[in-house]
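Undergrad: Structure supplied as entry.pdb; contents: PDB, C-alpha atoms and all ligand atoms.
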```pdb
ATOM      1  CA  MET T   1     -40.700  47.159 -92.295
ATOM      2  CA  ASP T   2     -41.339  43.559 -93.271
ATOM      3  CA  ASP T   3     -40.013  42.370 -89.896
ATOM      4  CA  PHE T   4     -43.039  43.919 -88.212
ATOM      5  CA  GLY T   5     -45.699  42.082 -90.251
ATOM      6  CA  THR T   6     -47.569  38.922 -89.202
ATOM      7  CA  LYS T   7     -49.530  36.312 -91.160
ATOM      8  CA  GLU T   8     -52.872  37.267 -89.575
ATOM      9  CA  ASN T   9     -55.695  38.423 -91.866
ATOM     10  CA  ILE T  10     -56.485  42.078 -91.258
ATOM     11  CA  THR T  11     -60.190  42.403 -90.475
ATOM     12  CA  TRP T  12     -60.537  46.198 -90.427
ATOM     13  CA  CYS T  13     -63.148  47.568 -92.848
ATOM     14  CA  ARG T  14     -61.779  48.501 -96.255
ATOM     15  CA  GLY T  15     -60.729  52.165 -96.152
ATOM     16  CA  CYS T  16     -60.512  52.368 -92.338
ATOM     17  CA  GLY T  17     -58.112  55.024 -91.057
ATOM     18  CA  ASN T  18     -56.425  52.373 -88.926
ATOM     19  CA  PHE T  19     -54.459  51.306 -92.020
ATOM     20  CA  GLY T  20     -52.696  54.670 -92.292
ATOM     21  CA  ILE T  21     -51.673  54.567 -88.618
ATOM     22  CA  PHE T  22     -50.524  50.950 -88.967
ATOM     23  CA  VAL T  23     -48.266  51.762 -91.948
ATOM     24  CA  ALA T  24     -46.913  54.942 -90.323
ATOM     25  CA  LEU T  25     -46.027  52.997 -87.165
ATOM     26  CA  LYS T  26     -44.079  50.392 -89.143
ATOM     27  CA  ASN T  27     -42.349  53.199 -91.066
ATOM     28  CA  ALA T  28     -41.423  54.910 -87.796
ATOM     29  CA  PHE T  29     -39.999  51.706 -86.285
ATOM     30  CA  ALA T  30     -37.898  51.136 -89.414
ATOM     31  CA  LYS T  31     -36.671  54.758 -89.340
ATOM     32  CA  LEU T  32     -35.670  54.340 -85.702
ATOM     33  CA  GLY T  33     -33.711  51.215 -86.651
ATOM     34  CA  TRP T  34     -35.802  49.062 -84.307
ATOM     35  CA  GLY T  35     -36.497  45.351 -84.546
ATOM     36  CA  PRO T  36     -39.584  43.602 -83.144
ATOM     37  CA  ASP T  37     -37.846  43.028 -79.782
ATOM     38  CA  ASP T  38     -37.174  46.715 -79.216
ATOM     39  CA  VAL T  39     -40.683  47.852 -78.325
ATOM     40  CA  LEU T  40     -43.729  46.909 -76.276
ATOM     41  CA  LEU T  41     -47.075  48.070 -77.658
ATOM     42  CA  VAL T  42     -49.893  48.221 -75.113
ATOM     43  CA  TYR T  43     -53.393  48.407 -76.582
ATOM     44  CA  GLY T  44     -56.742  49.487 -75.227
ATOM     45  CA  ILE T  45     -60.047  48.068 -76.451
ATOM     46  CA  GLY T  46     -61.415  49.098 -79.830
ATOM     47  CA  CYS T  47     -60.859  48.312 -83.500
ATOM     48  CA  HIS T  48     -57.339  49.733 -83.041
ATOM     49  CA  GLY T  49     -56.646  46.961 -80.511
ATOM     50  CA  HIS T  50     -56.771  44.338 -83.260
ATOM     51  CA  MET T  51     -53.356  45.647 -84.243
ATOM     52  CA  VAL T  52     -51.934  43.418 -81.514
ATOM     53  CA  ASN T  53     -52.450  40.596 -84.044
ATOM     54  CA  TYR T  54     -50.986  42.433 -87.025
ATOM     55  CA  LEU T  55     -47.819  43.991 -85.630
ATOM     56  CA  ASN T  56     -44.948  41.716 -84.741
ATOM     57  CA  THR T  57     -43.644  43.320 -81.528
ATOM     58  CA  PHE T  58     -44.096  42.625 -77.836
ATOM     59  CA  GLY T  59     -47.789  43.336 -77.264
ATOM     60  CA  PHE T  60     -50.402  43.464 -74.521
ATOM     61  CA  GLU T  61     -54.094  44.226 -74.994
ATOM     62  CA  GLY T  62     -55.502  45.609 -71.771
ATOM     63  CA  LEU T  63     -58.995  46.350 -70.534
ATOM     64  CA  HIS T  64     -61.129  49.160 -71.932
ATOM     65  CA  GLY T  65     -59.444  52.474 -71.126
ATOM     66  CA  ARG T  66     -56.548  50.862 -69.266
ATOM     67  CA  GLY T  67     -53.778  51.015 -71.861
ATOM     68  CA  LEU T  68     -51.910  53.816 -70.078
ATOM     69  CA  PRO T  69     -51.788  52.227 -66.591
ATOM     70  CA  VAL T  70     -50.444  49.003 -68.098
ATOM     71  CA  ALA T  71     -47.884  50.944 -70.144
ATOM     72  CA  THR T  72     -46.864  52.904 -67.036
ATOM     73  CA  GLY T  73     -46.468  49.731 -64.967
ATOM     74  CA  ALA T  74     -44.407  48.077 -67.692
ATOM     75  CA  LYS T  75     -42.176  51.145 -67.982
ATOM     76  CA  LEU T  76     -41.527  51.204 -64.238
ATOM     77  CA  ALA T  77     -40.656  47.505 -64.319
ATOM     78  CA  ASN T  78     -38.251  48.011 -67.224
ATOM     79  CA  HIS T  79     -37.578  51.647 -68.002
ATOM     80  CA  LYS T  80     -34.989  50.666 -70.626
ATOM     81  CA  LEU T  81     -37.758  49.287 -72.865
ATOM     82  CA  ASN T  82     -39.517  51.486 -75.449
ATOM     83  CA  ILE T  83     -43.229  51.503 -74.686
ATOM     84  CA  ILE T  84     -46.124  52.859 -76.739
ATOM     85  CA  ALA T  85     -49.806  52.895 -75.757
ATOM     86  CA  ILE T  86     -52.134  52.470 -78.745
ATOM     87  CA  VAL T  87     -55.580  53.625 -77.667
ATOM     88  CA  GLY T  88     -58.909  54.888 -78.999
ATOM     89  CA  ASP T  89     -60.831  58.130 -78.432
ATOM     90  CA  GLY T  90     -63.682  56.450 -76.570
ATOM     91  CA  ASP T  91     -61.312  54.012 -74.925
ATOM     92  CA  GLN T  92     -58.830  56.581 -73.576
ATOM     93  CA  LEU T  93     -60.917  59.750 -73.192
ATOM     94  CA  GLY T  94     -64.071  58.000 -71.970
ATOM     95  CA  GLU T  95     -63.350  54.895 -69.903
ATOM     96  CA  GLY T  96     -59.702  55.866 -69.486
ATOM     97  CA  GLY T  97     -60.115  59.624 -69.038
ATOM     98  CA  ASN T  98     -58.801  59.607 -65.479
ATOM     99  CA  HIS T  99     -55.724  57.630 -66.514
ATOM    100  CA  PHE T 100     -55.088  60.072 -69.357
ATOM    101  CA  LEU T 101     -54.936  63.099 -67.045
ATOM    102  CA  HIS T 102     -52.528  61.450 -64.652
ATOM    103  CA  ALA T 103     -50.264  60.067 -67.379
ATOM    104  CA  CYS T 104     -49.922  63.618 -68.775
ATOM    105  CA  ARG T 105     -48.981  65.150 -65.430
ATOM    106  CA  ARG T 106     -46.855  62.215 -64.215
ATOM    107  CA  ASN T 107     -44.493  62.310 -67.197
ATOM    108  CA  VAL T 108     -43.383  58.699 -67.521
ATOM    109  CA  ASP T 109     -41.376  58.228 -70.729
ATOM    110  CA  ILE T 110     -44.072  56.575 -72.861
ATOM    111  CA  THR T 111     -45.822  57.558 -76.088
ATOM    112  CA  CYS T 112     -49.608  57.556 -76.371
ATOM    113  CA  ILE T 113     -51.203  57.334 -79.823
ATOM    114  CA  ILE T 114     -54.944  58.010 -79.888
ATOM    115  CA  HIS T 115     -56.952  56.659 -82.833
ATOM    116  CA  ASP T 116     -59.447  59.521 -82.876
ATOM    117  CA  ASN T 117     -62.332  58.525 -85.153
ATOM    118  CA  GLN T 118     -64.998  60.359 -83.140
ATOM    119  CA  VAL T 119     -67.130  57.246 -82.674
ATOM    120  CA  TYR T 120     -67.151  53.870 -80.917
ATOM    121  CA  GLY T 121     -66.464  51.670 -83.964
ATOM    122  CA  LEU T 122     -65.938  48.230 -82.409
ATOM    123  CA  THR T 123     -69.283  48.351 -80.596
ATOM    124  CA  VAL T 124     -71.010  49.396 -83.843
ATOM    125  CA  GLY T 125     -71.397  53.139 -83.762
ATOM    126  CA  GLN T 126     -72.175  54.928 -80.490
ATOM    127  CA  SER T 127     -71.199  58.565 -79.818
ATOM    128  CA  SER T 128     -67.759  58.890 -78.239
ATOM    129  CA  PRO T 129     -66.243  61.695 -76.126
ATOM    130  CA  THR T 130     -64.832  63.356 -79.273
ATOM    131  CA  SER T 131     -68.043  63.112 -81.348
ATOM    132  CA  ALA T 132     -69.099  66.525 -82.625
ATOM    133  CA  LYS T 133     -72.178  68.156 -81.118
ATOM    134  CA  GLY T 134     -75.100  67.155 -83.299
ATOM    135  CA  PHE T 135     -73.433  63.913 -84.487
ATOM    136  CA  LYS T 136     -76.140  61.282 -85.058
ATOM    137  CA  SER T 137     -75.398  57.803 -83.755
ATOM    138  CA  ARG T 138     -77.066  54.779 -82.226
ATOM    139  CA  THR T 139     -76.944  56.377 -78.791
ATOM    140  CA  ALA T 140     -77.931  59.816 -80.094
ATOM    141  CA  PRO T 141     -80.434  59.364 -82.952
ATOM    142  CA  ILE T 142     -81.381  63.056 -82.911
ATOM    143  CA  GLY T 143     -77.775  64.176 -82.488
ATOM    144  CA  THR T 144     -75.211  64.267 -79.680
ATOM    145  CA  VAL T 145     -76.054  67.085 -77.269
ATOM    146  CA  GLU T 146     -72.743  67.213 -75.382
ATOM    147  CA  GLU T 147     -69.694  69.320 -76.240
ATOM    148  CA  PRO T 148     -66.789  67.136 -77.445
ATOM    149  CA  VAL T 149     -63.560  66.592 -75.524
ATOM    150  CA  ASN T 150     -60.591  68.397 -77.075
ATOM    151  CA  PRO T 151     -57.760  65.850 -76.618
ATOM    152  CA  ILE T 152     -54.839  68.191 -77.207
ATOM    153  CA  SER T 153     -56.029  71.084 -75.024
ATOM    154  CA  LEU T 154     -56.789  68.526 -72.288
ATOM    155  CA  ALA T 155     -53.261  67.102 -72.583
ATOM    156  CA  LEU T 156     -51.707  70.590 -72.494
ATOM    157  CA  ALA T 157     -53.719  71.601 -69.447
ATOM    158  CA  ALA T 158     -52.779  68.370 -67.650
ATOM    159  CA  GLY T 159     -49.064  69.014 -68.203
ATOM    160  CA  ALA T 160     -48.084  66.774 -71.135
ATOM    161  CA  PRO T 161     -44.653  67.945 -72.341
ATOM    162  CA  PHE T 162     -45.060  66.765 -75.956
ATOM    163  CA  VAL T 163     -48.352  67.117 -77.817
ATOM    164  CA  ALA T 164     -48.810  66.458 -81.529
ATOM    165  CA  GLN T 165     -51.700  65.854 -83.882
ATOM    166  CA  GLY T 166     -51.803  63.996 -87.190
ATOM    167  CA  PHE T 167     -54.135  62.564 -89.803
ATOM    168  CA  SER T 168     -54.175  58.980 -91.026
ATOM    169  CA  GLY T 169     -54.537  60.310 -94.608
ATOM    170  CA  ASP T 170     -51.030  61.810 -94.423
ATOM    171  CA  ILE T 171     -48.740  58.864 -93.716
ATOM    172  CA  LYS T 172     -45.520  60.774 -94.363
ATOM    173  CA  GLN T 173     -46.275  63.448 -91.782
ATOM    174  CA  LEU T 174     -47.648  60.840 -89.358
ATOM    175  CA  THR T 175     -44.451  58.783 -89.616
ATOM    176  CA  ASP T 176     -42.358  61.848 -88.731
ATOM    177  CA  LEU T 177     -44.650  62.713 -85.814
ATOM    178  CA  PHE T 178     -44.381  59.184 -84.417
ATOM    179  CA  VAL T 179     -40.574  59.293 -84.675
ATOM    180  CA  GLU T 180     -40.387  62.666 -82.889
ATOM    181  CA  ALA T 181     -42.873  61.615 -80.204
ATOM    182  CA  ILE T 182     -40.973  58.391 -79.518
ATOM    183  CA  LYS T 183     -37.624  60.188 -79.372
ATOM    184  CA  HIS T 184     -38.976  62.776 -76.929
ATOM    185  CA  LYS T 185     -37.928  62.066 -73.333
ATOM    186  CA  GLY T 186     -41.152  62.009 -71.347
ATOM    187  CA  PHE T 187     -44.863  61.491 -71.952
ATOM    188  CA  SER T 188     -45.732  62.224 -75.570
ATOM    189  CA  LEU T 189     -49.167  62.315 -77.153
ATOM    190  CA  VAL T 190     -50.029  61.992 -80.836
ATOM    191  CA  ASN T 191     -53.748  62.454 -81.426
ATOM    192  CA  VAL T 192     -54.520  60.994 -84.858
ATOM    193  CA  PHE T 193     -57.660  61.854 -86.808
ATOM    194  CA  GLN T 194     -58.796  58.714 -88.569
ATOM    195  CA  PRO T 195     -62.019  58.156 -90.481
ATOM    196  CA  CYS T 196     -64.301  55.292 -89.427
ATOM    197  CA  VAL T 197     -65.805  54.631 -92.848
ATOM    198  CA  THR T 198     -68.512  52.321 -91.493
ATOM    199  CA  PHE T 199     -70.056  54.224 -88.573
ATOM    200  CA  ASN T 200     -69.056  57.866 -88.955
ATOM    201  CA  TYR T 201     -70.606  59.512 -92.016
ATOM    202  CA  LEU T 202     -69.765  63.021 -90.810
ATOM    203  CA  ASN T 203     -65.971  62.924 -90.372
ATOM    204  CA  THR T 204     -65.070  61.451 -93.757
ATOM    205  CA  TYR T 205     -61.700  61.610 -95.571
ATOM    206  CA  GLN T 206     -62.959  64.613 -97.544
ATOM    207  CA  TRP T 207     -64.193  66.332 -94.380
ATOM    208  CA  PHE T 208     -60.681  65.981 -92.908
ATOM    209  CA  TYR T 209     -58.893  66.991 -96.134
ATOM    210  CA  ASP T 210     -60.979  70.196 -96.180
ATOM    211  CA  ARG T 211     -59.836  71.157 -92.657
ATOM    212  CA  VAL T 212     -56.346  69.806 -91.841
ATOM    213  CA  TYR T 213     -53.307  72.030 -92.197
ATOM    214  CA  LYS T 214     -49.703  71.861 -90.967
ATOM    215  CA  VAL T 215     -48.802  74.182 -88.094
ATOM    216  CA  GLU T 216     -45.199  74.524 -89.282
ATOM    217  CA  ASP T 217     -46.527  76.303 -92.402
ATOM    218  CA  THR T 218     -47.834  79.082 -90.143
ATOM    219  CA  GLY T 219     -44.567  79.686 -88.262
ATOM    220  CA  HIS T 220     -45.932  78.056 -85.098
ATOM    221  CA  ASN T 221     -43.424  77.917 -82.227
ATOM    222  CA  PRO T 222     -43.944  74.584 -80.400
ATOM    223  CA  SER T 223     -42.017  75.756 -77.336
ATOM    224  CA  ASP T 224     -44.667  78.450 -76.698
ATOM    225  CA  LYS T 225     -47.391  76.931 -74.513
ATOM    226  CA  LEU T 226     -49.811  79.811 -75.008
ATOM    227  CA  ALA T 227     -49.468  79.458 -78.788
ATOM    228  CA  ALA T 228     -50.019  75.711 -78.371
ATOM    229  CA  PHE T 229     -53.288  76.360 -76.537
ATOM    230  CA  GLN T 230     -54.364  78.745 -79.294
ATOM    231  CA  LYS T 231     -53.744  76.033 -81.900
ATOM    232  CA  ALA T 232     -55.615  73.486 -79.789
ATOM    233  CA  LEU T 233     -58.636  75.767 -79.516
ATOM    234  CA  GLU T 234     -58.962  76.021 -83.315
ATOM    235  CA  LEU T 235     -60.504  72.543 -83.409
ATOM    236  CA  GLU T 236     -64.049  73.747 -84.040
ATOM    237  CA  THR T 237     -63.194  75.241 -87.420
ATOM    238  CA  LYS T 238     -59.731  74.033 -88.509
ATOM    239  CA  LEU T 239     -57.642  70.976 -87.687
ATOM    240  CA  PRO T 240     -54.014  71.857 -86.900
ATOM    241  CA  THR T 241     -51.551  69.005 -87.446
ATOM    242  CA  GLY T 242     -47.875  68.739 -86.530
ATOM    243  CA  ILE T 243     -46.013  69.276 -83.261
ATOM    244  CA  ILE T 244     -48.243  71.535 -81.198
ATOM    245  CA  TYR T 245     -46.102  71.632 -78.052
ATOM    246  CA  ASN T 246     -42.621  70.384 -77.223
ATOM    247  CA  ALA T 247     -40.879  70.952 -73.898
ATOM    248  CA  GLU T 248     -38.656  69.129 -71.402
ATOM    249  CA  ARG T 249     -39.785  68.152 -67.920
ATOM    250  CA  PRO T 250     -38.188  65.893 -65.283
ATOM    251  CA  LEU T 251     -39.081  62.233 -65.808
ATOM    252  CA  PHE T 252     -41.166  60.424 -63.194
ATOM    253  CA  GLU T 253     -38.876  57.372 -63.297
ATOM    254  CA  ASP T 254     -35.772  59.514 -62.658
ATOM    255  CA  SER T 255     -37.189  60.447 -59.263
ATOM    256  CA  LEU T 256     -37.434  56.834 -58.072
ATOM    257  CA  PRO T 257     -34.302  55.695 -56.201
ATOM    258  CA  GLN T 258     -35.386  52.046 -56.490
ATOM    259  CA  ILE T 259     -34.708  52.028 -60.232
ATOM    260  CA  ALA T 260     -31.939  54.615 -60.427
ATOM    261  CA  LYS T 261     -29.199  52.019 -60.957
ATOM    262  CA  ASP T 262     -30.973  49.257 -62.788
ATOM    263  CA  PRO T 263     -34.476  48.407 -64.053
ATOM    264  CA  LEU T 264     -36.532  46.315 -61.614
ATOM    265  CA  VAL T 265     -36.486  43.351 -64.009
ATOM    266  CA  ASN T 266     -32.686  43.174 -63.718
ATOM    267  CA  GLN T 267     -32.567  43.293 -59.942
ATOM    268  CA  PRO T 268     -31.942  40.049 -58.003
ATOM    269  CA  ILE T 269     -34.821  38.718 -55.956
ATOM    270  CA  ASP T 270     -33.046  35.722 -54.375
ATOM    271  CA  ASP T 271     -32.490  37.474 -51.072
ATOM    272  CA  ILE T 272     -36.127  38.557 -50.682
ATOM    273  CA  ASN T 273     -37.883  36.554 -47.971
ATOM    274  CA  ILE T 274     -41.293  35.929 -49.548
ATOM    275  CA  GLU T 275     -42.546  34.027 -46.478
ATOM    276  CA  LYS T 276     -41.882  37.047 -44.303
ATOM    277  CA  LEU T 277     -43.932  39.220 -46.668
ATOM    278  CA  PHE T 278     -46.773  36.674 -46.711
ATOM    279  CA  THR T 279     -46.795  36.597 -42.915
ATOM    280  CA  GLU T 280     -46.815  40.372 -42.677
ATOM    281  CA  PHE T 281     -49.774  40.826 -45.032
ATOM    282  CA  ARG T 282     -51.772  37.697 -44.186
TER     283      ARG T 282
HETATM  284 FE1  LIG T 301     -62.350  50.987 -88.871
HETATM  285 FE2  LIG T 301     -64.776  51.836 -88.189
HETATM  286 FE3  LIG T 301     -64.472  49.498 -89.436
HETATM  287 FE4  LIG T 301     -63.666  49.787 -86.917
HETATM  288  S1  LIG T 301     -65.782  49.898 -87.648
HETATM  289  S2  LIG T 301     -62.530  48.761 -88.561
HETATM  290  S3  LIG T 301     -62.922  51.902 -86.903
HETATM  291  S4  LIG T 301     -63.993  51.531 -90.268
END
```
Take the structure in this file and express it as C-alpha cells.
TA:
Amino acid sequence: MDDFGTKENITWCRGCGNFGIFVALKNAFAKLGWGPDDVLLVYGIGCHGHMVNYLNTFGFEGLHGRGLPVATGAKLANHKLNIIAIVGDGDQLGEGGNHFLHACRRNVDITCIIHDNQVYGLTVGQSSPTSAKGFKSRTAPIGTVEEPVNPISLALAAGAPFVAQGFSGDIKQLTDLFVEAIKHKGFSLVNVFQPCVTFNYLNTYQWFYDRVYKVEDTGHNPSDKLAAFQKALELETKLPTGIIYNAERPLFEDSLPQIAKDPLVNQPIDDINIEKLFTEFR
C-alpha cells in the first residue's frame, strides 16, 4: 500500500468520505498485486479529483464530467492497461450524464467509481443530480424540488454488465467491491455513498449507517437482472450495498479489428505518410 502514497498534503475536510474510498482503493491495488505503473486513474472535477495528487499511479484529471470519455480513449489506445475512472455524482451524472449512458451500453473494459455525496462539494454546496428531494442547498434554499437520479438503476437500464454499490464507512466491503469490479471483464460501476461533512447535513454517517445493508445477507442473486432492478429501486427507503448485478457481455474493444493483434500504442507508425493525410484534410 505504501507504494501508492505521495508526499502531498491531503486537503480534504476532516471526516470527508473521500478518505474511505482512498484507503479502499489502495487496499484493492495491493490485493491485486499491482504497482503504481499497472493502472491509469482518470479523474473528473470535484473534491474527489484531488486524489490525482495523493495516489501514486498514472493519472489524468479531465474536464468536468469527462472522465469516462478520456478513460475510454485511453483504453482504446492501450487496451492492455488497467483503467479506472474516478468521478463524482454531480460530475458524472450531471455534466457527464450523456457519457455515463454510453459507457454503460458500449462496454469498454473500464471501472467507474462514483463518489456519491449527493452535493457539489468543491463548488461549496449546490444541489447535485443525486440530492434528495427537499434537500436544502445554496441553489435550493427552500429545498430541491426535483426527483434524484438513481445511479444504479440508470446503469442497469443502460446495459452496464457489472453494477455494485458501497459505502465509504465500510472500507472492508468497499475494498472487495473494487477488486471484483476491476477483475470483471467489461464496464463496471461502483457507486459509493460518501458523506460530505461540510456541505451535506442530511446524508451524514449516521444517516447512512441507519440505512445501508448488504445484499448478500438477503440471498440476492446478482445474475438476475430483474432482482437487480428491485434492489436498485429500494433507494428511497433502504440503501442496498454489494454486487447488485454481474453478467458477461462482449467487449467493445474485442470488436475492433484494428487492435485485435496489438494495442495501438505498440503499432509502428513509421510507414504512415503524415503529409498525405495533411493534404487530404487540409
Ligand atoms: Fe469532502 Fe465535502 Fe470537504 Fe469536499 S467539501 S473535501 S466532499 S467534506
Undergrad: Could you give me, as a tab-separated table, every chain T residue with an atom at most 12 Å from ligand LIG 301 (chain T), plus its closest atom pair and distance in Å to one decimal, counting all atoms listed in the file, rows ordered by chain then number?
TA:
```
residue	atom	partner	partner_atom	distance
T:Ile10	CA	T:LIG301	S2	9.4
T:Thr11	CA	T:LIG301	S2	7.0
T:Trp12	CA	T:LIG301	S2	3.7
T:Cys13	CA	T:LIG301	FE3	4.1
T:Arg14	CA	T:LIG301	S4	7.1
T:Gly15	CA	T:LIG301	S4	6.8
T:Cys16	CA	T:LIG301	S4	4.1
T:Gly17	CA	T:LIG301	FE1	6.2
T:Asn18	CA	T:LIG301	FE1	6.1
T:Phe19	CA	T:LIG301	FE1	8.5
T:Gly20	CA	T:LIG301	FE1	10.9
T:Ile21	CA	T:LIG301	FE1	11.3
T:Phe22	CA	T:LIG301	FE1	11.8
T:Ile45	CA	T:LIG301	FE4	11.2
T:Gly46	CA	T:LIG301	FE4	7.5
T:Cys47	CA	T:LIG301	FE4	4.7
T:His48	CA	T:LIG301	S3	7.1
T:Gly49	CA	T:LIG301	FE4	9.9
T:His50	CA	T:LIG301	S2	9.0
T:Met51	CA	T:LIG301	S2	10.6
T:Val87	CA	T:LIG301	S3	11.9
T:Gly88	CA	T:LIG301	S3	9.4
T:Asp89	CA	T:LIG301	S3	10.7
T:Gly90	CA	T:LIG301	S3	11.3
T:His115	CA	T:LIG301	S3	8.7
T:Asp116	CA	T:LIG301	S3	9.3
T:Asn117	CA	T:LIG301	S3	6.9
T:Gln118	CA	T:LIG301	S3	9.5
T:Val119	CA	T:LIG301	S3	8.0
T:Tyr120	CA	T:LIG301	S3	7.6
T:Gly121	CA	T:LIG301	S1	4.1
T:Leu122	CA	T:LIG301	FE4	5.3
T:Thr123	CA	T:LIG301	S1	8.0
T:Val124	CA	T:LIG301	S1	6.5
T:Gly125	CA	T:LIG301	S1	7.6
T:Gln126	CA	T:LIG301	S1	10.8
T:Ser168	CA	T:LIG301	FE1	11.6
T:Phe193	CA	T:LIG301	S3	11.3
T:Gln194	CA	T:LIG301	S3	8.1
T:Pro195	CA	T:LIG301	S4	6.9
T:Cys196	CA	T:LIG301	FE2	3.7
T:Val197	CA	T:LIG301	S4	4.4
T:Thr198	CA	T:LIG301	S4	4.7
T:Phe199	CA	T:LIG301	FE2	5.8
T:Asn200	CA	T:LIG301	FE2	7.4
T:Tyr201	CA	T:LIG301	FE2	10.4
T:Asn203	CA	T:LIG301	FE2	11.4
T:Thr204	CA	T:LIG301	S4	10.6
T:Tyr205	CA	T:LIG301	S4	11.6
```
Undergrad: With the PyMOL selection byres (((chain T and resi 112) around 8) and not hetatm) as the selection, what would be picked from this file? Answer as JSON, numbers by chain, please.
TA: {"T": [68, 84, 85, 86, 87, 110, 111, 113, 114, 187, 188, 189, 190]}
Undergrad: Excluding stretch 241-244 of chain T and any residue of its chain fewer than 2 positions from it, enumerate the residues within 6 Å of it, using all atoms listed in the file, and give them as an MDAnalysis selection string.
TA: chainID T and resid 163:166 213:215 222 228
Undergrad: Can you spit out the residues from that selection as a PDB file, keeping the file's coordinate frame, using C-alpha atoms?
TA:
```pdb
ATOM      1  CA  VAL T 163     -48.352  67.117 -77.817  1.00  0.00           C
ATOM      2  CA  ALA T 164     -48.810  66.458 -81.529  1.00  0.00           C
ATOM      3  CA  GLN T 165     -51.700  65.854 -83.882  1.00  0.00           C
ATOM      4  CA  GLY T 166     -51.803  63.996 -87.190  1.00  0.00           C
ATOM      5  CA  TYR T 213     -53.307  72.030 -92.197  1.00  0.00           C
ATOM      6  CA  LYS T 214     -49.703  71.861 -90.967  1.00  0.00           C
ATOM      7  CA  VAL T 215     -48.802  74.182 -88.094  1.00  0.00           C
ATOM      8  CA  PRO T 222     -43.944  74.584 -80.400  1.00  0.00           C
ATOM      9  CA  ALA T 228     -50.019  75.711 -78.371  1.00  0.00           C
TER      10      ALA T 228
END
```
Undergrad: Which residues of stretch 119-204 of chain T come within 8 Å of stretch 100-109 of chain T, and what is each one's closest atom pair and distance in Å (one decimal), counting only C-alpha atoms, sorted by chain and residue number, as CSV?
TA:
```
residue,atom,partner,partner_atom,distance
T:Leu154,CA,T:Leu101,CA,7.8
T:Ala155,CA,T:Cys104,CA,6.1
T:Ala158,CA,T:Arg105,CA,5.5
T:Gly159,CA,T:Arg105,CA,4.8
T:Ala160,CA,T:Cys104,CA,4.3
T:Pro161,CA,T:Asn107,CA,7.6
T:Lys185,CA,T:Asp109,CA,5.8
T:Gly186,CA,T:Asp109,CA,3.8
T:Phe187,CA,T:Asn107,CA,4.8
T:Ser188,CA,T:Asp109,CA,7.6
```
Undergrad: Looking at T:Gly5, T:Val23, T:Ser131, T:Pro36, which one is nearest to T:Asp170, with distances taken over only C-alpha atoms?
TA: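 Selected residue with least distance to T:Asp170: T:Val23.
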Undergrad: Calculated over all atoms listed in the file, which of the candidates T:Val70, T:Val39, T:Pro257, T:Asn53 has the smallest distance to T:Asn9?
TA: T:Asn53
Undergrad: Edge lengths and centre, in Å to one decimal, as AutoDock Vina command-line options: that's what I need for the box along x, y and z that holds all listed atoms of stretch 119-133 of chain T plus 8 Å on each side.
TA:
```
--center_x -68.5 --center_y 58.2 --center_z -80.0 --size_x 23.3 --size_y 35.9 --size_z 23.8
```
Undergrad: Apply the PyMOL selection byres (((chain T and resi 77) around 10) and not hetatm) to the file shown and report the selected residues as an MDAnalysis selection string.
TA: chainID T and resid 71:76 78:81 259 262:266
Undergrad: Using all atoms listed in the file, which residue out of T:Leu177, T:Leu226, T:Tyr209, T:Gly94 lies closest to T:Ser153?
TA: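 Closest to T:Ser153 of all the choices is T:Leu226.
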Undergrad: Using atom CA of T:Gly67 and atom CA of T:Gly44 as the two end points, give the distance in Å to one decimal.
TA: 4.7 Å
Undergrad: What's the separation between atom CA of T:Pro69 and atom CA of T:Asn56, in Å to one decimal place?
TA: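 Going from atom CA of T:Pro69 over to atom CA of T:Asn56, I get 22.1 Å.
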Undergrad: Pick from T:Val149, T:Ala140, T:Leu239, T:Val52: nearest to T:Leu93, with all atoms listed in the file counted?
TA: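 Among the listed residues, the smallest separation from T:Leu93 belongs to T:Val149.
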Undergrad: Interatomic distance between atom CA of T:Leu277 and atom CA of T:Gly62?
TA: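 These two atoms are separated by 28.4 Å.
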Undergrad: Closest to T:Lys26 among T:Leu174, T:Val192, T:Leu256, T:Leu156, using only C-alpha atoms?
TA: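 Residue with the minimum atom-to-atom distance to T:Lys26: T:Leu174.
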